[in-house]
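Asks: Dropping in my_file-v3.csv, with CSV, C-alpha atoms and all ligand atoms.
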chain,number,residue,atom,x,y,z
M,9,MET,CA,-27.6,1.1,35.6
M,10,LEU,CA,-27.3,-2.0,37.9
M,11,ARG,CA,-28.0,-2.1,41.6
M,12,LEU,CA,-27.9,-5.2,43.7
M,13,GLU,CA,-29.7,-4.8,47.1
M,14,GLY,CA,-29.0,-7.6,49.6
M,15,LEU,CA,-28.8,-10.1,46.8
M,16,SER,CA,-28.7,-13.7,47.9
M,17,CYS,CA,-28.5,-16.5,45.4
M,18,GLY,CA,-27.5,-20.1,45.0
M,19,HIS,CA,-28.0,-23.5,43.7
M,20,GLY,CA,-31.0,-25.4,45.1
M,21,PRO,CA,-30.7,-25.4,48.9
M,22,MET,CA,-27.1,-24.2,48.7
M,23,ARG,CA,-26.4,-20.5,49.2
M,24,ALA,CA,-23.5,-19.2,47.0
M,25,VAL,CA,-23.9,-15.5,47.7
M,26,ASP,CA,-25.3,-13.8,50.8
M,27,GLN,CA,-26.7,-10.3,50.9
M,28,LEU,CA,-24.5,-8.7,48.3
M,29,GLU,CA,-24.7,-4.9,47.8
M,30,LEU,CA,-23.2,-3.6,44.5
M,31,GLN,CA,-23.7,-0.9,41.9
M,32,VAL,CA,-22.5,-0.4,38.4
M,33,GLU,CA,-23.0,3.1,36.9
M,34,SER,CA,-23.2,3.8,33.2
M,35,GLY,CA,-19.7,4.5,31.7
M,36,SER,CA,-18.0,2.7,34.5
M,37,VAL,CA,-16.5,-0.7,35.4
M,38,THR,CA,-17.2,-2.4,38.7
M,39,ALA,CA,-14.8,-5.3,39.4
M,40,LEU,CA,-16.0,-8.3,41.4
M,41,LEU,CA,-13.0,-10.1,42.8
M,42,GLY,CA,-12.6,-13.2,45.0
M,43,ALA,CA,-10.9,-16.6,45.1
M,44,ASN,CA,-12.2,-19.7,43.4
M,45,GLY,CA,-15.7,-20.6,44.8
M,46,ALA,CA,-16.3,-17.2,46.3
M,47,GLY,CA,-19.5,-16.8,44.4
M,48,LYS,CA,-18.5,-14.5,41.5
M,49,SER,CA,-20.0,-16.6,38.7
M,50,SER,CA,-23.2,-17.3,40.7
M,51,THR,CA,-23.6,-13.5,41.1
M,52,ILE,CA,-23.1,-12.9,37.3
M,53,MET,CA,-25.4,-15.8,36.4
M,54,CYS,CA,-28.1,-14.6,38.8
M,55,ILE,CA,-28.1,-11.2,37.2
M,56,ALA,CA,-28.4,-12.8,33.8
M,57,GLY,CA,-31.3,-14.9,35.1
M,58,HIS,CA,-29.6,-18.3,35.0
M,59,VAL,CA,-29.1,-18.8,38.8
M,60,GLU,CA,-32.0,-18.7,41.3
M,61,ILE,CA,-32.4,-15.5,43.4
M,62,GLN,CA,-32.9,-16.4,47.1
M,63,GLY,CA,-33.4,-13.0,48.5
M,64,GLY,CA,-32.9,-9.3,47.9
M,65,SER,CA,-33.4,-7.4,44.6
M,66,ILE,CA,-31.7,-6.8,41.2
M,67,PHE,CA,-32.5,-3.3,39.9
M,68,TYR,CA,-31.6,-2.7,36.3
M,69,ASP,CA,-32.2,0.7,34.7
M,70,GLY,CA,-34.5,1.5,37.6
M,71,SER,CA,-36.7,-1.6,37.6
M,72,ASP,CA,-36.6,-4.9,39.5
M,73,ILE,CA,-35.9,-7.6,36.9
M,74,ALA,CA,-36.3,-10.6,39.1
M,75,ALA,CA,-39.4,-11.8,37.2
M,76,LEU,CA,-37.8,-11.5,33.7
M,77,SER,CA,-36.6,-14.5,31.8
M,78,PRO,CA,-32.9,-14.7,30.8
M,79,MET,CA,-34.0,-13.8,27.2
M,80,ALA,CA,-36.1,-10.8,28.3
M,81,ARG,CA,-33.0,-9.6,30.2
M,82,VAL,CA,-30.9,-9.8,27.0
M,83,VAL,CA,-33.7,-7.9,25.2
M,84,ALA,CA,-33.6,-5.3,28.0
M,85,GLY,CA,-29.9,-4.7,27.4
M,86,ILE,CA,-28.0,-7.1,29.6
M,87,GLY,CA,-25.2,-8.8,27.8
M,88,LEU,CA,-23.3,-11.8,29.1
M,89,VAL,CA,-19.8,-13.1,28.5
M,90,PRO,CA,-19.9,-16.4,30.4
M,91,GLU,CA,-17.1,-18.2,32.1
M,92,GLY,CA,-15.6,-20.6,29.6
M,93,ARG,CA,-17.0,-18.6,26.7
M,94,ARG,CA,-19.7,-21.2,25.7
M,95,LEU,CA,-19.4,-20.5,22.0
M,96,PHE,CA,-21.1,-22.5,19.3
M,97,SER,CA,-17.9,-24.2,18.3
M,98,SER,CA,-19.2,-25.8,15.1
M,99,LEU,CA,-20.6,-22.5,13.8
M,100,THR,CA,-18.4,-19.9,12.1
M,101,VAL,CA,-17.3,-16.7,13.7
M,102,ARG,CA,-19.9,-14.8,11.7
M,103,GLU,CA,-22.7,-17.2,12.6
M,104,ASN,CA,-21.9,-16.9,16.3
M,105,LEU,CA,-22.2,-13.1,16.0
M,106,VAL,CA,-25.5,-13.4,14.2
M,107,VAL,CA,-26.8,-15.6,17.0
M,108,GLY,CA,-25.7,-13.0,19.5
M,109,GLY,CA,-27.8,-10.4,17.6
M,110,TYR,CA,-30.9,-12.6,17.5
M,111,CYS,CA,-33.0,-10.3,19.7
M,112,ARG,CA,-32.3,-7.2,17.5
M,113,PRO,CA,-34.0,-6.3,14.3
M,114,ARG,CA,-32.4,-8.2,11.4
M,115,LYS,CA,-31.6,-5.1,9.4
M,116,GLU,CA,-29.2,-4.1,12.1
M,117,THR,CA,-27.1,-7.3,11.9
M,118,THR,CA,-24.6,-6.3,9.3
M,119,SER,CA,-23.8,-2.9,10.8
M,120,THR,CA,-23.5,-4.3,14.3
M,121,ILE,CA,-21.1,-7.0,13.0
M,122,GLU,CA,-19.1,-4.2,11.3
M,123,ARG,CA,-18.9,-2.4,14.7
M,124,VAL,CA,-17.7,-5.5,16.5
M,125,LEU,CA,-15.1,-6.1,13.9
M,126,GLY,CA,-13.9,-2.5,14.3
M,127,THR,CA,-13.3,-3.4,18.0
M,128,PHE,CA,-11.7,-6.8,17.2
M,129,PRO,CA,-10.2,-6.6,13.7
M,130,ARG,CA,-8.8,-10.1,14.2
M,131,LEU,CA,-12.3,-11.6,14.1
M,132,GLY,CA,-12.7,-10.1,10.7
M,133,GLU,CA,-9.8,-12.2,9.4
M,134,ARG,CA,-11.5,-15.3,10.8
M,135,LEU,CA,-15.1,-14.6,9.9
M,136,TYR,CA,-15.8,-17.9,8.1
M,137,GLN,CA,-13.7,-20.1,10.3
M,138,ARG,CA,-15.4,-22.3,12.9
M,139,ALA,CA,-15.3,-20.9,16.4
M,140,GLY,CA,-13.8,-24.1,17.6
M,141,SER,CA,-10.7,-23.6,15.5
M,142,LEU,CA,-9.8,-20.2,17.0
M,143,SER,CA,-7.2,-19.7,19.7
M,144,GLY,CA,-8.3,-19.1,23.2
M,145,GLY,CA,-7.8,-15.3,22.9
M,146,GLU,CA,-9.7,-15.2,19.7
M,147,GLN,CA,-12.5,-17.2,21.3
M,148,GLN,CA,-12.7,-14.6,24.1
M,149,MET,CA,-12.9,-11.8,21.6
M,150,LEU,CA,-15.7,-13.6,19.9
M,151,ALA,CA,-17.5,-14.2,23.2
M,152,ILE,CA,-17.3,-10.5,23.9
M,153,GLY,CA,-18.3,-9.7,20.3
M,154,ARG,CA,-21.3,-12.0,20.5
M,155,ALA,CA,-22.5,-10.3,23.7
M,156,LEU,CA,-22.1,-6.9,22.0
M,157,MET,CA,-24.3,-8.0,19.1
M,158,SER,CA,-27.3,-7.5,21.4
M,159,GLN,CA,-26.2,-3.9,21.9
M,160,PRO,CA,-26.2,-4.1,25.7
M,161,LYS,CA,-26.3,-1.2,28.1
M,162,LEU,CA,-24.9,-3.5,30.9
M,163,LEU,CA,-22.2,-6.0,30.1
M,164,LEU,CA,-21.5,-8.9,32.5
M,165,ILE,CA,-18.0,-10.5,31.9
M,166,ASP,CA,-17.0,-13.6,33.8
M,167,GLU,CA,-13.2,-14.2,33.9
M,168,LEU,CA,-12.0,-12.0,31.1
M,169,SER,CA,-8.3,-12.9,31.2
M,170,LEU,CA,-8.2,-16.4,32.5
M,171,GLY,CA,-5.8,-18.6,30.5
M,172,LEU,CA,-5.0,-15.9,27.9
M,173,MET,CA,-1.7,-14.6,26.7
M,174,PRO,CA,-0.6,-11.2,28.0
M,175,THR,CA,-0.8,-9.6,24.5
M,176,ILE,CA,-4.4,-10.9,24.0
M,177,ILE,CA,-5.3,-9.7,27.5
M,178,ASP,CA,-4.1,-6.2,26.5
M,179,ILE,CA,-6.5,-6.3,23.5
M,180,CYS,CA,-9.4,-7.4,25.6
M,181,TYR,CA,-8.8,-4.7,28.2
M,182,GLU,CA,-8.4,-2.0,25.5
M,183,ALA,CA,-11.9,-3.1,24.3
M,184,ILE,CA,-13.3,-2.9,27.8
M,185,ASP,CA,-11.9,0.6,28.3
M,186,HIS,CA,-13.3,1.7,24.9
M,187,LEU,CA,-16.8,0.3,25.8
M,188,LYS,CA,-16.7,2.0,29.1
M,189,ARG,CA,-15.8,5.4,27.5
M,190,GLY,CA,-18.7,4.8,25.1
M,191,GLY,CA,-21.1,4.8,28.2
M,192,MET,CA,-21.5,1.1,28.9
M,193,ALA,CA,-21.9,-0.2,32.4
M,194,ILE,CA,-19.6,-3.2,32.9
M,195,LEU,CA,-19.5,-5.8,35.7
M,196,LEU,CA,-16.1,-7.5,35.5
M,197,VAL,CA,-15.2,-10.7,37.3
M,198,GLU,CA,-11.4,-11.3,37.3
M,199,GLN,CA,-8.8,-13.5,38.8
M,200,SER,CA,-6.1,-11.0,38.0
M,201,THR,CA,-6.5,-8.2,40.6
M,202,GLN,CA,-3.9,-6.0,38.9
M,203,ARG,CA,-5.6,-6.1,35.5
M,204,ALA,CA,-9.0,-5.5,37.0
M,205,LEU,CA,-7.8,-2.5,39.1
M,206,ALA,CA,-6.3,-0.8,36.1
M,207,VAL,CA,-9.7,-0.4,34.4
M,208,ALA,CA,-12.2,-0.6,37.3
M,209,ASP,CA,-13.9,2.4,39.0
M,210,ALA,CA,-15.4,0.4,41.9
M,211,VAL,CA,-14.3,-2.8,43.5
M,212,THR,CA,-16.1,-5.5,45.5
M,213,VAL,CA,-14.4,-8.5,47.0
M,214,LEU,CA,-16.3,-11.7,47.9
M,215,GLU,CA,-15.1,-14.4,50.2
M,216,SER,CA,-17.2,-17.6,50.6
M,217,GLY,CA,-20.3,-15.7,49.3
M,218,ARG,CA,-19.8,-12.7,51.7
M,219,GLN,CA,-18.8,-9.3,50.7
M,220,VAL,CA,-15.6,-8.6,52.6
M,221,TRP,CA,-14.4,-5.4,51.0
M,222,THR,CA,-16.0,-2.7,48.9
M,223,GLY,CA,-14.7,0.7,47.7
M,224,THR,CA,-13.2,2.7,44.8
M,225,ALA,CA,-10.5,1.2,42.6
M,226,ARG,CA,-8.3,4.0,43.9
M,227,GLN,CA,-8.8,2.8,47.5
M,228,ALA,CA,-8.3,-0.8,46.4
M,229,ARG,CA,-5.0,0.0,44.8
M,230,HIS,CA,-3.8,1.3,48.1
M,231,SER,CA,-4.9,-1.7,50.1
M,232,SER,CA,-3.5,-4.5,47.9
M,233,ASP,CA,-2.4,-6.5,50.9
M,234,MET,CA,-6.0,-6.7,52.1
M,235,ILE,CA,-7.3,-7.6,48.7
M,236,ASP,CA,-4.6,-10.4,48.4
M,237,ALA,CA,-5.8,-11.7,51.7
M,238,CYS,CA,-9.4,-11.7,50.5
M,239,LEU,CA,-8.3,-13.6,47.4
M,240,GLY,CA,-6.8,-16.3,49.6
M,241,LEU,CA,-3.3,-15.6,48.2
M,242,LYS,CA,-1.7,-15.6,51.6
M,243,SER,CA,-3.2,-19.0,52.5
M,244,SER,CA,-2.2,-20.5,49.1
M,245,GLN,CA,1.5,-19.7,49.9
M,246,THR,CA,1.6,-21.7,53.1
G,301,LIG,N1,-24.4,-25.6,39.5
G,301,LIG,C1,-24.0,-25.6,40.8
G,301,LIG,N2,-24.6,-26.4,41.7
G,301,LIG,C2,-24.2,-26.5,43.0
G,301,LIG,N3,-23.3,-25.7,43.6
G,301,LIG,C3,-22.7,-24.8,42.7
G,301,LIG,C4,-23.0,-24.7,41.3
G,301,LIG,N4,-22.2,-23.8,40.8
G,301,LIG,C5,-21.4,-23.3,41.8
G,301,LIG,N5,-21.7,-23.9,42.9
G,301,LIG,C6,-21.1,-23.6,44.2
G,301,LIG,O1,-21.4,-22.2,44.5
G,301,LIG,C7,-20.2,-21.7,45.2
G,301,LIG,C8,-19.8,-20.4,44.4
G,301,LIG,O2,-19.3,-20.9,43.1
G,301,LIG,P1,-19.1,-19.9,42.0
G,301,LIG,O3,-20.1,-18.8,41.9
G,301,LIG,O4,-18.8,-20.6,40.7
G,301,LIG,O5,-17.7,-19.2,42.4
G,301,LIG,P2,-16.6,-18.4,41.6
G,301,LIG,O6,-17.1,-18.0,40.3
G,301,LIG,O7,-16.3,-17.2,42.5
G,301,LIG,O8,-15.4,-19.3,41.5
G,301,LIG,C9,-19.2,-22.7,45.3
G,301,LIG,O9,-19.2,-23.3,46.6
G,301,LIG,C10,-19.6,-23.7,44.2
G,301,LIG,O10,-19.2,-25.0,44.6
G,302,MG,MG,-16.4,-18.4,38.4
Translate the structure of the given file into C-alpha cells.

Replies:
Amino acid sequence: MLRLEGLSCGHGPMRAVDQLELQVESGSVTALLGANGAGKSSTIMCIAGHVEIQGGSIFYDGSDIAALSPMARVVAGIGLVPEGRRLFSSLTVRENLVVGGYCRPRKETTSTIERVLGTFPRLGERLYQRAGSLSGGEQQMLAIGRALMSQPKLLLIDELSLGLMPTIIDICYEAIDHLKRGGMAILLVEQSTQRALAVADAVTVLESGRQVWTGTARQARHSSDMIDACLGLKSSQT
C-alpha cells in the first residue's frame, strides 16, 4: 500500500531523513523506531504532504503521490494521527469527528461516527464534551477516531503511546490490532519498542535520519540489544 524509495526529506536546507526505504502492506503494521530527533515525524509528515520531499519517491497504492496536496492525500485514503494530537480543543468530540470526515460524502458521517464509537466506546460517553476537557488517553482515541473518519486505507500514527497510562495504551493497541485485521496498512511511530514490536510485522530503525536497521518484527524481537543501541538507550545510561 505504501512504498518509500530512497526518500529524503527535511525542513528548508536541513535534511532530516536520508534515503529511506520502507514498505507497508495492507493488513499489516510497519513500526518506525528511533530516538528523539531521528526523523520519524519528518517521515510521517512528508508522507502526509506537510514536509518537503528532497529526493526519492513515495508510492501509495501504486502511484507516486509527490505532486498531491495534503488534502488530496487524505481523499486518496491516507489518514494521519499527528504527534501531539492537534485536536480542535474548543470543539466537541462529535464536531472533531465530523471535521475528520470532511472529505467523505455527508450521508456517511453518522454511520462512520457509529463505527468509530464501536472502536472507542469511551468517546461515545463524551460526545458533546469539548475535546480540550478530555484526558490525554481520550484525546488520543479521538485523534485516531478523527483520522478514521476519512476511511483511510493507510493510517500514519505518530507517537501512539507517548505520555499515556498503560490501561489506555492497551485500548489504543487493541484498536490498532483490530484495524490491521480489517485490512488497513499502518505506519506506526513509537518510543516504546516493546509495545510496537507486539503489534508490528515489519520494523525500521532510524538514527539521525539514516536507516540503521530493517527487518521483520520477529527478527527485531531477537535483536533487542541492537535496537536499544539504535534508540540511544545505551548512551542515555552513561
Ligand atoms: N520544523 C522544523 N524545522 C527545522 N528542523 C526541524 C523541524 N522539525 C524537525 N526538525 C529537525 O529534523 C530532525 C528530525 O526531527 P523529527 O522528524 O521531529 O524527529 P523525531 O520525530 O524522530 O523525534 C531533528 O534534527 C529536528 O530538529
Ligand atoms: Mg517525532

Asks: Within 7 Å of ligand LIG 301 (chain G), which residues show up when you count all atoms listed in the file? List them as JSON, numbers by chain, please.

Replies: {"M": [18, 19, 22, 24, 42, 43, 44, 45, 46, 47, 48, 49, 50, 51, 217]}

Asks: Check the smallest atom-to-atom distance from each of M:Thr117, M:Gln199, M:Thr127, M:Ser143 to M:Glu103 using all atoms listed in the file, then report the winner.

Replies: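 Closest to M:Glu103, using all atoms listed in the file: M:Thr117.
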
Asks: Need the shell around M:Ala204: protein/DNA/RNA residues with any atom at most 9 Å away, counting all atoms listed in the file. Skip same-chain ones fewer than 6 positions apart. Format as a list in words?

Replies: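 After dropping sequence-adjacent residues, the list is Thr38, Ala39, Leu40, Leu41, Tyr181, Leu196, Val197, Glu198, Val211 and Ala225 of chain M.
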
Asks: Between atom CA of M:Asn104 and atom CA of M:Gly140, what distance in Å does the model show, to one decimal?

Replies: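 Calculated distance between atom CA of M:Asn104 and atom CA of M:Gly140 is 10.9 Å.
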
Asks: In Å, with one decimal, what is the gap from atom CA of M:Gly70 to atom CA of M:Thr120?

Replies: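 Computing it gives 26.4 Å between the two atoms.
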
Asks: Nearest to ligand MG 302 (chain G): which of M:Arg93, M:Arg130, M:Arg23, M:Arg11 is it, counting only C-alpha atoms and all ligand atoms?

Replies: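 With only C-alpha atoms and all ligand atoms as the atom set, the closest residue is M:Arg93.
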
Asks: Between M:Ala151, M:Ile121, M:Leu163, M:Ala74, which one has atoms that come closest to M:Ile86, using only C-alpha atoms?

Replies: M:Leu163

Asks: For M:Ser200, find every residue with an atom within 9 Å (counting only C-alpha atoms), except residues of its own chain fewer than 3 positions away, and show them as an MDAnalysis selection string.

Replies: chainID M and resid 41 167 169:170 203:205

Asks: Identify which of the residues M:Leu150, M:Leu214, M:Leu168, M:Val101 lies closest to M:Glu29, counting all atoms listed in the file when measuring atom-to-atom distances.

Replies: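 Among the listed residues, M:Leu214 lies closest to M:Glu29.
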
Asks: What is the distance, in Å and to one decimal place, between atom CA of M:Ala193 and atom CA of M:Leu30?

Replies: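 Atom CA of M:Ala193 sits 12.6 Å away from atom CA of M:Leu30.
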
Asks: Using only C-alpha atoms and all ligand atoms, pick whichever of M:Ala206, M:Leu28, M:Ile73, M:Ile52 has the shortest atom-to-atom distance to ligand MG 302 (chain G).

Replies: M:Ile52

Asks: Could you tell me which of M:Met79, M:Val207, M:Val59, M:Met173 comes closest to M:Arg189 if we count all atoms listed in the file?

Replies: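 Among M:Met79, M:Val207, M:Val59, M:Met173, it is M:Val207 that comes nearest to M:Arg189.
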
Asks: Near M:Pro78, within 8 Å and counting only C-alpha atoms, which residues show up once chain neighbours fewer than 5 positions away are dropped, as a list in words?

Replies: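 Returned residues: Ala56, Gly57 and His58 of chain M.
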
Asks: Is it possible to get the residues within 12 Å of (-24.9, -5.0, 49.7) (coordinates as in the file, counting only C-alpha atoms) written as a PyMOL selection string?

Replies: chain M and resi 11-16+25-31+63-66+212-214+217-223

Asks: Kindly export the residues of the current selection with C-alpha atoms, as a CSV table (one decimal), in the coordinates of the input.

Replies:
chain,number,residue,atom,x,y,z
M,11,ARG,CA,-28.0,-2.1,41.6
M,12,LEU,CA,-27.9,-5.2,43.7
M,13,GLU,CA,-29.7,-4.8,47.1
M,14,GLY,CA,-29.0,-7.6,49.6
M,15,LEU,CA,-28.8,-10.1,46.8
M,16,SER,CA,-28.7,-13.7,47.9
M,25,VAL,CA,-23.9,-15.5,47.7
M,26,ASP,CA,-25.3,-13.8,50.8
M,27,GLN,CA,-26.7,-10.3,50.9
M,28,LEU,CA,-24.5,-8.7,48.3
M,29,GLU,CA,-24.7,-4.9,47.8
M,30,LEU,CA,-23.2,-3.6,44.5
M,31,GLN,CA,-23.7,-0.9,41.9
M,63,GLY,CA,-33.4,-13.0,48.5
M,64,GLY,CA,-32.9,-9.3,47.9
M,65,SER,CA,-33.4,-7.4,44.6
M,66,ILE,CA,-31.7,-6.8,41.2
M,212,THR,CA,-16.1,-5.5,45.5
M,213,VAL,CA,-14.4,-8.5,47.0
M,214,LEU,CA,-16.3,-11.7,47.9
M,217,GLY,CA,-20.3,-15.7,49.3
M,218,ARG,CA,-19.8,-12.7,51.7
M,219,GLN,CA,-18.8,-9.3,50.7
M,220,VAL,CA,-15.6,-8.6,52.6
M,221,TRP,CA,-14.4,-5.4,51.0
M,222,THR,CA,-16.0,-2.7,48.9
M,223,GLY,CA,-14.7,0.7,47.7

Asks: For the point (-11.5, -4.9, 17.0) in the file's frame, write as a PyMOL selection string all residues with an atom no more than 12 Å away, counting all atoms listed in the file.

Replies: chain M and resi 121-133+146+149-150+152-153+156+176+179-184+186-187

Asks: Got a minute to add N, CA and C atoms to stretch 18-50 of chain M and dump it as a PDB file, in the frame of the given file?

Replies:
ATOM      1  N   GLY M  18     -28.177 -18.847  44.868  1.00  0.00           N
ATOM      2  CA  GLY M  18     -27.500 -20.100  45.000  1.00  0.00           C
ATOM      3  C   GLY M  18     -28.050 -21.185  44.139  1.00  0.00           C
ATOM      4  N   HIS M  19     -27.701 -22.400  44.488  1.00  0.00           N
ATOM      5  CA  HIS M  19     -28.000 -23.500  43.700  1.00  0.00           C
ATOM      6  C   HIS M  19     -28.842 -24.520  44.499  1.00  0.00           C
ATOM      7  N   GLY M  20     -30.138 -24.585  44.250  1.00  0.00           N
ATOM      8  CA  GLY M  20     -31.000 -25.400  45.100  1.00  0.00           C
ATOM      9  C   GLY M  20     -30.953 -24.910  46.518  1.00  0.00           C
ATOM     10  N   PRO M  21     -30.737 -25.815  47.470  1.00  0.00           N
ATOM     11  CA  PRO M  21     -30.700 -25.400  48.900  1.00  0.00           C
ATOM     12  C   PRO M  21     -29.402 -24.661  49.236  1.00  0.00           C
ATOM     13  N   MET M  22     -28.423 -24.766  48.348  1.00  0.00           N
ATOM     14  CA  MET M  22     -27.100 -24.200  48.700  1.00  0.00           C
ATOM     15  C   MET M  22     -27.065 -22.707  48.395  1.00  0.00           C
ATOM     16  N   ARG M  23     -26.557 -21.947  49.355  1.00  0.00           N
ATOM     17  CA  ARG M  23     -26.400 -20.500  49.200  1.00  0.00           C
ATOM     18  C   ARG M  23     -25.008 -20.159  48.754  1.00  0.00           C
ATOM     19  N   ALA M  24     -24.865 -19.555  47.564  1.00  0.00           N
ATOM     20  CA  ALA M  24     -23.500 -19.200  47.000  1.00  0.00           C
ATOM     21  C   ALA M  24     -23.132 -17.799  47.369  1.00  0.00           C
ATOM     22  N   VAL M  25     -24.141 -16.915  47.450  1.00  0.00           N
ATOM     23  CA  VAL M  25     -23.900 -15.500  47.700  1.00  0.00           C
ATOM     24  C   VAL M  25     -24.897 -14.996  48.702  1.00  0.00           C
ATOM     25  N   ASP M  26     -24.401 -14.270  49.719  1.00  0.00           N
ATOM     26  CA  ASP M  26     -25.300 -13.800  50.800  1.00  0.00           C
ATOM     27  C   ASP M  26     -25.299 -12.316  50.924  1.00  0.00           C
ATOM     28  N   GLN M  27     -26.449 -11.727  50.646  1.00  0.00           N
ATOM     29  CA  GLN M  27     -26.700 -10.300  50.900  1.00  0.00           C
ATOM     30  C   GLN M  27     -25.640  -9.373  50.277  1.00  0.00           C
ATOM     31  N   LEU M  28     -25.485  -9.486  48.998  1.00  0.00           N
ATOM     32  CA  LEU M  28     -24.500  -8.700  48.300  1.00  0.00           C
ATOM     33  C   LEU M  28     -25.107  -7.306  47.899  1.00  0.00           C
ATOM     34  N   GLU M  29     -24.334  -6.253  48.169  1.00  0.00           N
ATOM     35  CA  GLU M  29     -24.700  -4.900  47.800  1.00  0.00           C
ATOM     36  C   GLU M  29     -23.708  -4.425  46.749  1.00  0.00           C
ATOM     37  N   LEU M  30     -24.189  -4.008  45.592  1.00  0.00           N
ATOM     38  CA  LEU M  30     -23.200  -3.600  44.500  1.00  0.00           C
ATOM     39  C   LEU M  30     -23.924  -2.736  43.525  1.00  0.00           C
ATOM     40  N   GLN M  31     -23.139  -1.818  42.938  1.00  0.00           N
ATOM     41  CA  GLN M  31     -23.700  -0.900  41.900  1.00  0.00           C
ATOM     42  C   GLN M  31     -22.749  -0.866  40.723  1.00  0.00           C
ATOM     43  N   VAL M  32     -23.326  -0.689  39.555  1.00  0.00           N
ATOM     44  CA  VAL M  32     -22.500  -0.400  38.400  1.00  0.00           C
ATOM     45  C   VAL M  32     -23.180   0.799  37.658  1.00  0.00           C
ATOM     46  N   GLU M  33     -22.437   1.902  37.549  1.00  0.00           N
ATOM     47  CA  GLU M  33     -23.000   3.100  36.900  1.00  0.00           C
ATOM     48  C   GLU M  33     -22.688   2.986  35.372  1.00  0.00           C
ATOM     49  N   SER M  34     -23.468   3.709  34.580  1.00  0.00           N
ATOM     50  CA  SER M  34     -23.200   3.800  33.200  1.00  0.00           C
ATOM     51  C   SER M  34     -21.798   4.439  32.964  1.00  0.00           C
ATOM     52  N   GLY M  35     -21.051   3.964  31.986  1.00  0.00           N
ATOM     53  CA  GLY M  35     -19.700   4.500  31.700  1.00  0.00           C
ATOM     54  C   GLY M  35     -18.719   4.186  32.791  1.00  0.00           C
ATOM     55  N   SER M  36     -18.926   3.070  33.474  1.00  0.00           N
ATOM     56  CA  SER M  36     -18.000   2.700  34.500  1.00  0.00           C
ATOM     57  C   SER M  36     -17.851   1.166  34.601  1.00  0.00           C
ATOM     58  N   VAL M  37     -16.760   0.741  35.242  1.00  0.00           N
ATOM     59  CA  VAL M  37     -16.500  -0.700  35.400  1.00  0.00           C
ATOM     60  C   VAL M  37     -16.498  -0.964  36.940  1.00  0.00           C
ATOM     61  N   THR M  38     -17.286  -1.935  37.357  1.00  0.00           N
ATOM     62  CA  THR M  38     -17.200  -2.400  38.700  1.00  0.00           C
ATOM     63  C   THR M  38     -16.548  -3.820  38.648  1.00  0.00           C
ATOM     64  N   ALA M  39     -15.460  -4.008  39.387  1.00  0.00           N
ATOM     65  CA  ALA M  39     -14.800  -5.300  39.400  1.00  0.00           C
ATOM     66  C   ALA M  39     -15.270  -6.113  40.587  1.00  0.00           C
ATOM     67  N   LEU M  40     -15.589  -7.371  40.311  1.00  0.00           N
ATOM     68  CA  LEU M  40     -16.000  -8.300  41.400  1.00  0.00           C
ATOM     69  C   LEU M  40     -14.899  -9.339  41.495  1.00  0.00           C
ATOM     70  N   LEU M  41     -14.199  -9.284  42.622  1.00  0.00           N
ATOM     71  CA  LEU M  41     -13.000 -10.100  42.800  1.00  0.00           C
ATOM     72  C   LEU M  41     -13.283 -11.149  43.919  1.00  0.00           C
ATOM     73  N   GLY M  42     -12.432 -12.158  43.936  1.00  0.00           N
ATOM     74  CA  GLY M  42     -12.600 -13.200  45.000  1.00  0.00           C
ATOM     75  C   GLY M  42     -11.923 -14.474  44.512  1.00  0.00           C
ATOM     76  N   ALA M  43     -11.572 -15.310  45.462  1.00  0.00           N
ATOM     77  CA  ALA M  43     -10.900 -16.600  45.100  1.00  0.00           C
ATOM     78  C   ALA M  43     -11.914 -17.534  44.466  1.00  0.00           C
ATOM     79  N   ASN M  44     -11.398 -18.649  44.005  1.00  0.00           N
ATOM     80  CA  ASN M  44     -12.200 -19.700  43.400  1.00  0.00           C
ATOM     81  C   ASN M  44     -13.335 -20.092  44.396  1.00  0.00           C
ATOM     82  N   GLY M  45     -14.561 -20.183  43.909  1.00  0.00           N
ATOM     83  CA  GLY M  45     -15.700 -20.600  44.800  1.00  0.00           C
ATOM     84  C   GLY M  45     -16.261 -19.536  45.618  1.00  0.00           C
ATOM     85  N   ALA M  46     -15.801 -18.280  45.437  1.00  0.00           N
ATOM     86  CA  ALA M  46     -16.300 -17.200  46.300  1.00  0.00           C
ATOM     87  C   ALA M  46     -17.722 -16.788  45.974  1.00  0.00           C
ATOM     88  N   GLY M  47     -18.174 -17.105  44.758  1.00  0.00           N
ATOM     89  CA  GLY M  47     -19.500 -16.800  44.400  1.00  0.00           C
ATOM     90  C   GLY M  47     -19.659 -15.759  43.250  1.00  0.00           C
ATOM     91  N   LYS M  48     -18.557 -15.508  42.561  1.00  0.00           N
ATOM     92  CA  LYS M  48     -18.500 -14.500  41.500  1.00  0.00           C
ATOM     93  C   LYS M  48     -19.434 -14.946  40.315  1.00  0.00           C
ATOM     94  N   SER M  49     -19.232 -16.178  39.857  1.00  0.00           N
ATOM     95  CA  SER M  49     -20.000 -16.600  38.700  1.00  0.00           C
ATOM     96  C   SER M  49     -21.500 -16.750  39.083  1.00  0.00           C
ATOM     97  N   SER M  50     -21.768 -17.193  40.296  1.00  0.00           N
ATOM     98  CA  SER M  50     -23.200 -17.300  40.700  1.00  0.00           C
ATOM     99  C   SER M  50     -23.829 -15.912  40.662  1.00  0.00           C
TER     100      SER M  50
END
